[in-house]
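Text of the file target15.pdb, holding PDB, C-alpha atoms, pLDDT in the B column:
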```
ATOM      1  CA  MET F 994       0.000   0.000   0.000  1.00 68.00           C
ATOM      2  CA  LYS F 995       2.921   2.344   0.662  1.00 83.00           C
ATOM      3  CA  ARG F 996       4.066   1.818  -2.897  1.00 87.00           C
ATOM      4  CA  ILE F 997       0.646   2.692  -4.305  1.00 88.00           C
ATOM      5  CA  LYS F 998       0.427   5.817  -2.148  1.00 90.00           C
ATOM      6  CA  ALA F 999       3.947   6.924  -3.076  1.00 92.00           C
ATOM      7  CA  TYR F1000       3.312   6.554  -6.805  1.00 92.00           C
ATOM      8  CA  LYS F1001      -0.082   8.277  -6.555  1.00 91.00           C
ATOM      9  CA  LYS F1002       1.608  11.151  -4.733  1.00 93.00           C
ATOM     10  CA  LEU F1003       4.324  11.348  -7.407  1.00 93.00           C
ATOM     11  CA  PHE F1004       1.689  11.565 -10.153  1.00 92.00           C
ATOM     12  CA  GLU F1005      -0.650  13.736  -8.054  1.00 90.00           C
ATOM     13  CA  VAL F1006      -3.509  11.249  -8.273  1.00 89.00           C
ATOM     14  CA  GLU F1007      -6.159  11.656  -5.586  1.00 82.00           C
ATOM     15  CA  LYS F1008      -8.556   8.702  -5.806  1.00 79.00           C
ATOM     16  CA  ASP F1009      -9.352   6.945  -9.077  1.00 81.00           C
ATOM     17  CA  LEU F1010      -6.732   6.327 -11.716  1.00 82.00           C
ATOM     18  CA  ASP F1011      -7.524   7.844 -15.091  1.00 85.00           C
ATOM     19  CA  LEU F1012      -5.199   6.561 -17.816  1.00 91.00           C
ATOM     20  CA  LYS F1013      -5.535   9.724 -19.894  1.00 91.00           C
ATOM     21  CA  TYR F1014      -4.518  11.949 -16.979  1.00 91.00           C
ATOM     22  CA  LEU F1015      -1.785   9.517 -15.943  1.00 94.00           C
ATOM     23  CA  LYS F1016      -0.251   9.496 -19.432  1.00 95.00           C
ATOM     24  CA  LYS F1017      -0.269  13.294 -19.616  1.00 94.00           C
ATOM     25  CA  LYS F1018       1.310  13.606 -16.175  1.00 94.00           C
ATOM     26  CA  TYR F1019       3.885  10.930 -17.070  1.00 96.00           C
ATOM     27  CA  ARG F1020       4.967  12.821 -20.189  1.00 96.00           C
ATOM     28  CA  ASN F1021       5.308  16.082 -18.267  1.00 95.00           C
ATOM     29  CA  LEU F1022       7.341  14.451 -15.486  1.00 95.00           C
ATOM     30  CA  VAL F1023       9.633  12.692 -17.970  1.00 94.00           C
ATOM     31  CA  LYS F1024      10.267  15.999 -19.763  1.00 94.00           C
ATOM     32  CA  GLU F1025      11.018  17.687 -16.463  1.00 93.00           C
ATOM     33  CA  TRP F1026      13.360  14.979 -15.134  1.00 93.00           C
ATOM     34  CA  HIS F1027      14.956  13.591 -18.294  1.00 93.00           C
ATOM     35  CA  PRO F1028      18.694  12.947 -17.696  1.00 91.00           C
ATOM     36  CA  ASP F1029      19.624  14.281 -21.149  1.00 91.00           C
ATOM     37  CA  LYS F1030      18.835  17.790 -19.880  1.00 88.00           C
ATOM     38  CA  TYR F1031      22.000  17.679 -17.777  1.00 87.00           C
ATOM     39  CA  GLN F1032      25.681  17.666 -18.754  1.00 86.00           C
ATOM     40  CA  ALA F1033      28.114  14.999 -17.544  1.00 84.00           C
ATOM     41  CA  GLY F1034      29.450  16.004 -14.145  1.00 82.00           C
ATOM     42  CA  ASP F1035      26.357  17.999 -13.224  1.00 85.00           C
ATOM     43  CA  PRO F1036      25.281  17.001  -9.686  1.00 84.00           C
ATOM     44  CA  LYS F1037      21.630  17.026 -10.808  1.00 90.00           C
ATOM     45  CA  LEU F1038      22.346  14.290 -13.393  1.00 90.00           C
ATOM     46  CA  ILE F1039      22.338  11.454 -10.833  1.00 89.00           C
ATOM     47  CA  GLU F1040      19.186  12.817  -9.200  1.00 91.00           C
ATOM     48  CA  ALA F1041      17.519  13.092 -12.625  1.00 92.00           C
ATOM     49  CA  GLU F1042      18.464   9.484 -13.496  1.00 93.00           C
ATOM     50  CA  ASP F1043      17.001   8.191 -10.221  1.00 94.00           C
ATOM     51  CA  LYS F1044      13.866  10.307 -10.535  1.00 94.00           C
ATOM     52  CA  SER F1045      13.436   9.243 -14.156  1.00 95.00           C
ATOM     53  CA  ARG F1046      13.594   5.555 -13.150  1.00 95.00           C
ATOM     54  CA  GLU F1047      11.082   6.193 -10.376  1.00 95.00           C
ATOM     55  CA  ILE F1048       8.720   7.953 -12.807  1.00 96.00           C
ATOM     56  CA  ILE F1049       8.906   5.108 -15.333  1.00 96.00           C
ATOM     57  CA  ASP F1050       8.401   2.423 -12.655  1.00 95.00           C
ATOM     58  CA  GLY F1051       5.535   4.382 -11.092  1.00 94.00           C
ATOM     59  CA  TYR F1052       3.788   4.868 -14.414  1.00 95.00           C
ATOM     60  CA  HIS F1053       3.934   1.183 -15.329  1.00 94.00           C
ATOM     61  CA  PHE F1054       2.819   0.210 -11.841  1.00 93.00           C
ATOM     62  CA  LEU F1055      -0.163   2.590 -11.780  1.00 94.00           C
ATOM     63  CA  VAL F1056      -1.219   1.584 -15.297  1.00 93.00           C
ATOM     64  CA  SER F1057      -1.215  -2.070 -14.178  1.00 92.00           C
ATOM     65  CA  ILE F1058      -3.697  -1.370 -11.354  1.00 91.00           C
ATOM     66  CA  ALA F1059      -5.855   1.148 -13.228  1.00 92.00           C
ATOM     67  CA  PRO F1060      -9.546   0.234 -13.601  1.00 91.00           C
ATOM     68  CA  GLU F1061      -9.270   0.246 -17.413  1.00 93.00           C
ATOM     69  CA  THR F1062      -6.397  -2.266 -17.308  1.00 92.00           C
ATOM     70  CA  ILE F1063      -8.212  -4.456 -14.789  1.00 92.00           C
ATOM     71  CA  ALA F1064     -11.360  -4.413 -16.949  1.00 93.00           C
ATOM     72  CA  ALA F1065      -9.415  -5.232 -20.128  1.00 94.00           C
ATOM     73  CA  ASN F1066      -7.796  -8.266 -18.486  1.00 94.00           C
ATOM     74  CA  LEU F1067     -10.783  -9.412 -16.425  1.00 95.00           C
ATOM     75  CA  ASP F1068     -11.579 -12.474 -18.558  1.00 96.00           C
ATOM     76  CA  THR F1069      -8.027 -13.814 -18.298  1.00 95.00           C
ATOM     77  CA  TYR F1070      -7.897 -13.096 -14.569  1.00 96.00           C
ATOM     78  CA  THR F1071     -11.281 -14.741 -13.961  1.00 95.00           C
ATOM     79  CA  GLU F1072     -10.213 -17.832 -15.879  1.00 96.00           C
ATOM     80  CA  THR F1073      -6.977 -18.063 -13.890  1.00 95.00           C
ATOM     81  CA  ILE F1074      -8.587 -17.742 -10.448  1.00 95.00           C
ATOM     82  CA  THR F1075     -11.432 -20.144 -11.249  1.00 94.00           C
ATOM     83  CA  LYS F1076      -9.690 -22.846 -13.286  1.00 95.00           C
ATOM     84  CA  SER F1077      -6.153 -22.860 -11.882  1.00 95.00           C
ATOM     85  CA  ALA F1078      -5.075 -23.900  -8.423  1.00 96.00           C
ATOM     86  CA  ILE F1079      -2.628 -21.971  -6.287  1.00 96.00           C
ATOM     87  CA  ALA F1080       0.863 -23.349  -6.929  1.00 95.00           C
ATOM     88  CA  ASP F1081       2.807 -21.048  -4.596  1.00 95.00           C
ATOM     89  CA  TYR F1082       2.327 -17.959  -2.464  1.00 96.00           C
ATOM     90  CA  GLN F1083       4.512 -15.537  -0.546  1.00 96.00           C
ATOM     91  CA  HIS F1084       3.656 -12.768   1.886  1.00 97.00           C
ATOM     92  CA  LYS F1085       5.893  -9.819   2.635  1.00 95.00           C
ATOM     93  CA  GLY F1086       4.654  -6.797   4.521  1.00 91.00           C
ATOM     94  CA  MET F1087       1.202  -6.106   3.105  1.00 93.00           C
ATOM     95  CA  LEU F1088       1.885  -7.779  -0.253  1.00 95.00           C
ATOM     96  CA  LEU F1089       0.701 -11.281  -1.118  1.00 97.00           C
ATOM     97  CA  GLU F1090       2.129 -12.803  -4.268  1.00 96.00           C
ATOM     98  CA  VAL F1091       0.183 -15.790  -5.610  1.00 96.00           C
ATOM     99  CA  THR F1092       1.432 -18.039  -8.408  1.00 95.00           C
ATOM    100  CA  PHE F1093      -1.114 -20.278 -10.123  1.00 95.00           C
ATOM    101  CA  THR F1094      -0.661 -23.626 -11.842  1.00 94.00           C
ATOM    102  CA  ASP F1095      -1.226 -21.991 -15.239  1.00 93.00           C
ATOM    103  CA  GLY F1096       1.976 -19.977 -14.644  1.00 92.00           C
ATOM    104  CA  ALA F1097       0.343 -16.611 -13.935  1.00 94.00           C
ATOM    105  CA  THR F1098       1.448 -14.644 -10.882  1.00 95.00           C
ATOM    106  CA  TYR F1099      -0.614 -11.893  -9.271  1.00 96.00           C
ATOM    107  CA  GLU F1100       0.260  -9.455  -6.497  1.00 96.00           C
ATOM    108  CA  TYR F1101      -2.438  -8.493  -3.978  1.00 97.00           C
ATOM    109  CA  PHE F1102      -1.924  -5.257  -2.043  1.00 95.00           C
ATOM    110  CA  GLY F1103      -3.006  -4.561   1.524  1.00 95.00           C
ATOM    111  CA  VAL F1104      -3.230  -8.208   2.658  1.00 96.00           C
ATOM    112  CA  SER F1105      -2.576  -8.185   6.398  1.00 96.00           C
ATOM    113  CA  LYS F1106      -0.620 -10.823   8.260  1.00 96.00           C
ATOM    114  CA  LYS F1107      -3.862 -11.871   9.962  1.00 97.00           C
ATOM    115  CA  VAL F1108      -5.509 -12.654   6.602  1.00 97.00           C
ATOM    116  CA  TYR F1109      -2.347 -14.399   5.407  1.00 97.00           C
ATOM    117  CA  ILE F1110      -2.327 -16.654   8.495  1.00 97.00           C
ATOM    118  CA  LYS F1111      -5.969 -17.530   7.842  1.00 97.00           C
ATOM    119  CA  LEU F1112      -5.012 -18.406   4.255  1.00 97.00           C
ATOM    120  CA  VAL F1113      -2.186 -20.664   5.400  1.00 96.00           C
ATOM    121  CA  ASN F1114      -4.450 -22.414   7.925  1.00 96.00           C
ATOM    122  CA  ALA F1115      -7.450 -22.746   5.598  1.00 96.00           C
ATOM    123  CA  SER F1116      -8.685 -26.271   4.953  1.00 95.00           C
ATOM    124  CA  ASN F1117      -9.202 -25.379   1.277  1.00 96.00           C
ATOM    125  CA  LEU F1118      -6.623 -22.814   0.156  1.00 95.00           C
ATOM    126  CA  ASN F1119      -8.225 -22.037  -3.205  1.00 95.00           C
ATOM    127  CA  ARG F1120     -11.742 -21.604  -1.809  1.00 96.00           C
ATOM    128  CA  PHE F1121     -10.518 -19.299   0.973  1.00 97.00           C
ATOM    129  CA  ALA F1122      -8.524 -17.206  -1.493  1.00 97.00           C
ATOM    130  CA  ARG F1123     -11.448 -16.924  -3.929  1.00 95.00           C
ATOM    131  CA  ARG F1124     -13.840 -15.827  -1.181  1.00 95.00           C
ATOM    132  CA  THR F1125     -11.527 -13.586   0.825  1.00 96.00           C
ATOM    133  CA  ILE F1126      -8.597 -12.342  -1.223  1.00 97.00           C
ATOM    134  CA  PHE F1127      -9.231 -12.417  -4.974  1.00 96.00           C
ATOM    135  CA  SER F1128     -12.339 -10.237  -4.877  1.00 89.00           C
ATOM    136  CA  ASN F1129     -11.424  -7.884  -2.032  1.00 94.00           C
ATOM    137  CA  TYR F1130      -7.895  -6.596  -2.681  1.00 96.00           C
ATOM    138  CA  THR F1131      -6.264  -4.432  -5.307  1.00 93.00           C
ATOM    139  CA  TYR F1132      -4.231  -6.671  -7.574  1.00 95.00           C
ATOM    140  CA  ARG F1133      -2.013  -6.637 -10.600  1.00 94.00           C
ATOM    141  CA  LYS F1134      -0.421  -9.257 -12.778  1.00 93.00           C
ATOM    142  CA  SER F1135       3.198  -9.735 -11.864  1.00 88.00           C
ATOM    143  CA  LYS F1136       5.908 -10.184 -14.444  1.00 73.00           C
ATOM    144  CA  ARG F1137       7.223 -13.212 -12.577  1.00 62.00           C
ATOM    145  CA  ILE F1138       6.320 -16.544 -14.111  1.00 56.00           C
ATOM    146  CA  LEU F1139       6.188 -20.037 -12.686  1.00 47.00           C
ATOM    147  CA  GLU F1140       9.488 -21.792 -13.272  1.00 53.00           C
ATOM    148  CA  ALA F1141       9.346 -25.392 -14.418  1.00 49.00           C
ATOM    149  CA  VAL F1142      11.076 -27.697 -11.966  1.00 43.00           C
TER     150      VAL F1142
END
```

Would you give me this structure, written as structure tokens?
Amino acid sequence: MKRIKAYKKLFEVEKDLDLKYLKKKYRNLVKEWHPDKYQAGDPKLIEAEDKSREIIDGYHFLVSIAPETIAANLDTYTETITKSAIADYQHKGMLLEVTFTDGATYEYFGVSKKVYIKLVNASNLNRFARRTIFSNYTYRKSKRILEAV
């Protein structure tokens, strides 16, 4: 959740993500912080490179959790959570990363340790996740894929 808040603050997004606004803001920030604006040896060059990376990462992250992106990928997501079993899961902080048997990996934001413990102790992992996690938390598809053993 901290990551979402930090990126929303960077892009000055209050509540809902609008891809049109986000793209416009992204372009303006990239123009402002582009490293090519600075000469070699300029102390601002390193800051601009770091800020530029942060802007690019933030943009891709916010686009991945935007309502338009979620809606466009809803069929694939629904098929994954209904037809594939959970192959692996990891919890760190308030982030739950779930890998499915079809190879897809999704990140769920804001999942507390209490909910994670209930998931681990659930008699039916997939049913608990479908009822409690998949429909109630902000998620995005992760770039990580299931590695064949």

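In terms of minimum interatomic distance to Val1108 of chain F, F:Arg1124 ranks closest within F:Arg1124, F:Lys998, F:His1053, F:Lys1037, counting all atoms listed in the file.
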
Practice task
May I have the residues within 10 Å of Ser1105 of chain F as a PyMOL selection string, using only C-alpha atoms and disregarding those fewer than 3 positions away in the same chain?
Solution key: chain F and resi 1084-1089+1102+1108-1110

Problem - Residue contacts of Lys1111 of chain F (10 Å, all atoms listed in the file) excluding same-chain residues fewer than 5 positions away, as a list of chain:residue names - result: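 With the cut-off at 10 Å, the set is F:Lys1106, F:Ser1116, F:Leu1118, F:Phe1121, F:Ala1122, F:Thr1125.
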
Handout entry: Who sits within 12 Å of Asp1029 of chain F, only C-alpha atoms, same chain under 5 positions skipped, as an NGL selection string
Key = :F and (1023-1024 or 1035 or 1037-1039 or 1041-1042 or 1045)

Exercise for the section: For Ile1079 of chain F, list every protein, DNA or RNA residue within 9 Å, evaluated using all atoms listed in the file, and leave out those in the same chain fewer than 2 positions away; present the list as JSON, numbers by chain. Expected result: {"F": [1074, 1077, 1081, 1082, 1091, 1092, 1093, 1094, 1118, 1119, 1122]}

Handout entry: Shell around Lys1017 of chain F at 12 Å using all atoms listed in the file, local window under 4 positions removed, as a list in words
Key = Phe1004, Glu1005, Val1006, Asp1011, Leu1012, Lys1013, Asn1021, Leu1022, Val1023, Lys1024 and Tyr1052 of chain F

Written selection (C-alpha atoms) as a PDB file, keeping the file's coordinate frame:
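File written: result_21.pdb
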```pdb
ATOM      1  CA  PHE F1004       1.689  11.565 -10.153  1.00 92.00           C
ATOM      2  CA  GLU F1005      -0.650  13.736  -8.054  1.00 90.00           C
ATOM      3  CA  VAL F1006      -3.509  11.249  -8.273  1.00 89.00           C
ATOM      4  CA  ASP F1011      -7.524   7.844 -15.091  1.00 85.00           C
ATOM      5  CA  LEU F1012      -5.199   6.561 -17.816  1.00 91.00           C
ATOM      6  CA  LYS F1013      -5.535   9.724 -19.894  1.00 91.00           C
ATOM      7  CA  ASN F1021       5.308  16.082 -18.267  1.00 95.00           C
ATOM      8  CA  LEU F1022       7.341  14.451 -15.486  1.00 95.00           C
ATOM      9  CA  VAL F1023       9.633  12.692 -17.970  1.00 94.00           C
ATOM     10  CA  LYS F1024      10.267  15.999 -19.763  1.00 94.00           C
ATOM     11  CA  TYR F1052       3.788   4.868 -14.414  1.00 95.00           C
TER      12      TYR F1052
END
```

Exercise for the section: For atom CA of Leu1015 of chain F and atom CA of Ile1063 of chain F, determine how far apart the two atoms are, in Å to one decimal place. Expected result: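 Going from atom CA of Leu1015 of chain F over to atom CA of Ile1063 of chain F covers 15.4 Å.
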
Practice task
On this file, the PyMOL selection byres ((chain F and resi 1050) around 12) gives some set of residues; write that set as a list of chain:residue names.
Solution key: F:Arg996, F:Ile997, F:Ala999, F:Tyr1000, F:Lys1001, F:Leu1003, F:Phe1004, F:Tyr1019, F:Val1023, F:Asp1043, F:Lys1044, F:Ser1045, F:Arg1046, F:Glu1047, F:Ile1048, F:Ile1049, F:Gly1051, F:Tyr1052, F:His1053, F:Phe1054, F:Leu1055, F:Val1056, F:Ser1057

Practice task
Tell me, in Å to one decimal, how far atom CA of Ser1128 of chain F is from atom CA of Lys1016 of chain F.
Solution key: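 Interatomic distance, atom CA of Ser1128 of chain F to atom CA of Lys1016 of chain F: 27.3 Å.
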
Exercise for the section: Enter the distance from atom CA of Thr1069 of chain F to atom CA of Tyr1101 of chain F, in Å, rounded to one decimal. Expected result: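 Those two atoms sit 16.3 Å apart.
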
Practice task
Kindly indicate which residue among F:Ile1058, F:Tyr1070, F:Lys1134, F:Arg1120 lies nearest to Asp1009 of chain F, using all atoms listed in the file for the distances.
Solution key: F:Ile1058

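Between Lys1008 of chain F and the candidates F:Ala1033, F:His1027, F:Ala1059, F:Asp1068, the tightest atom-to-atom separation, counting all atoms listed in the file, involves F:Ala1059.
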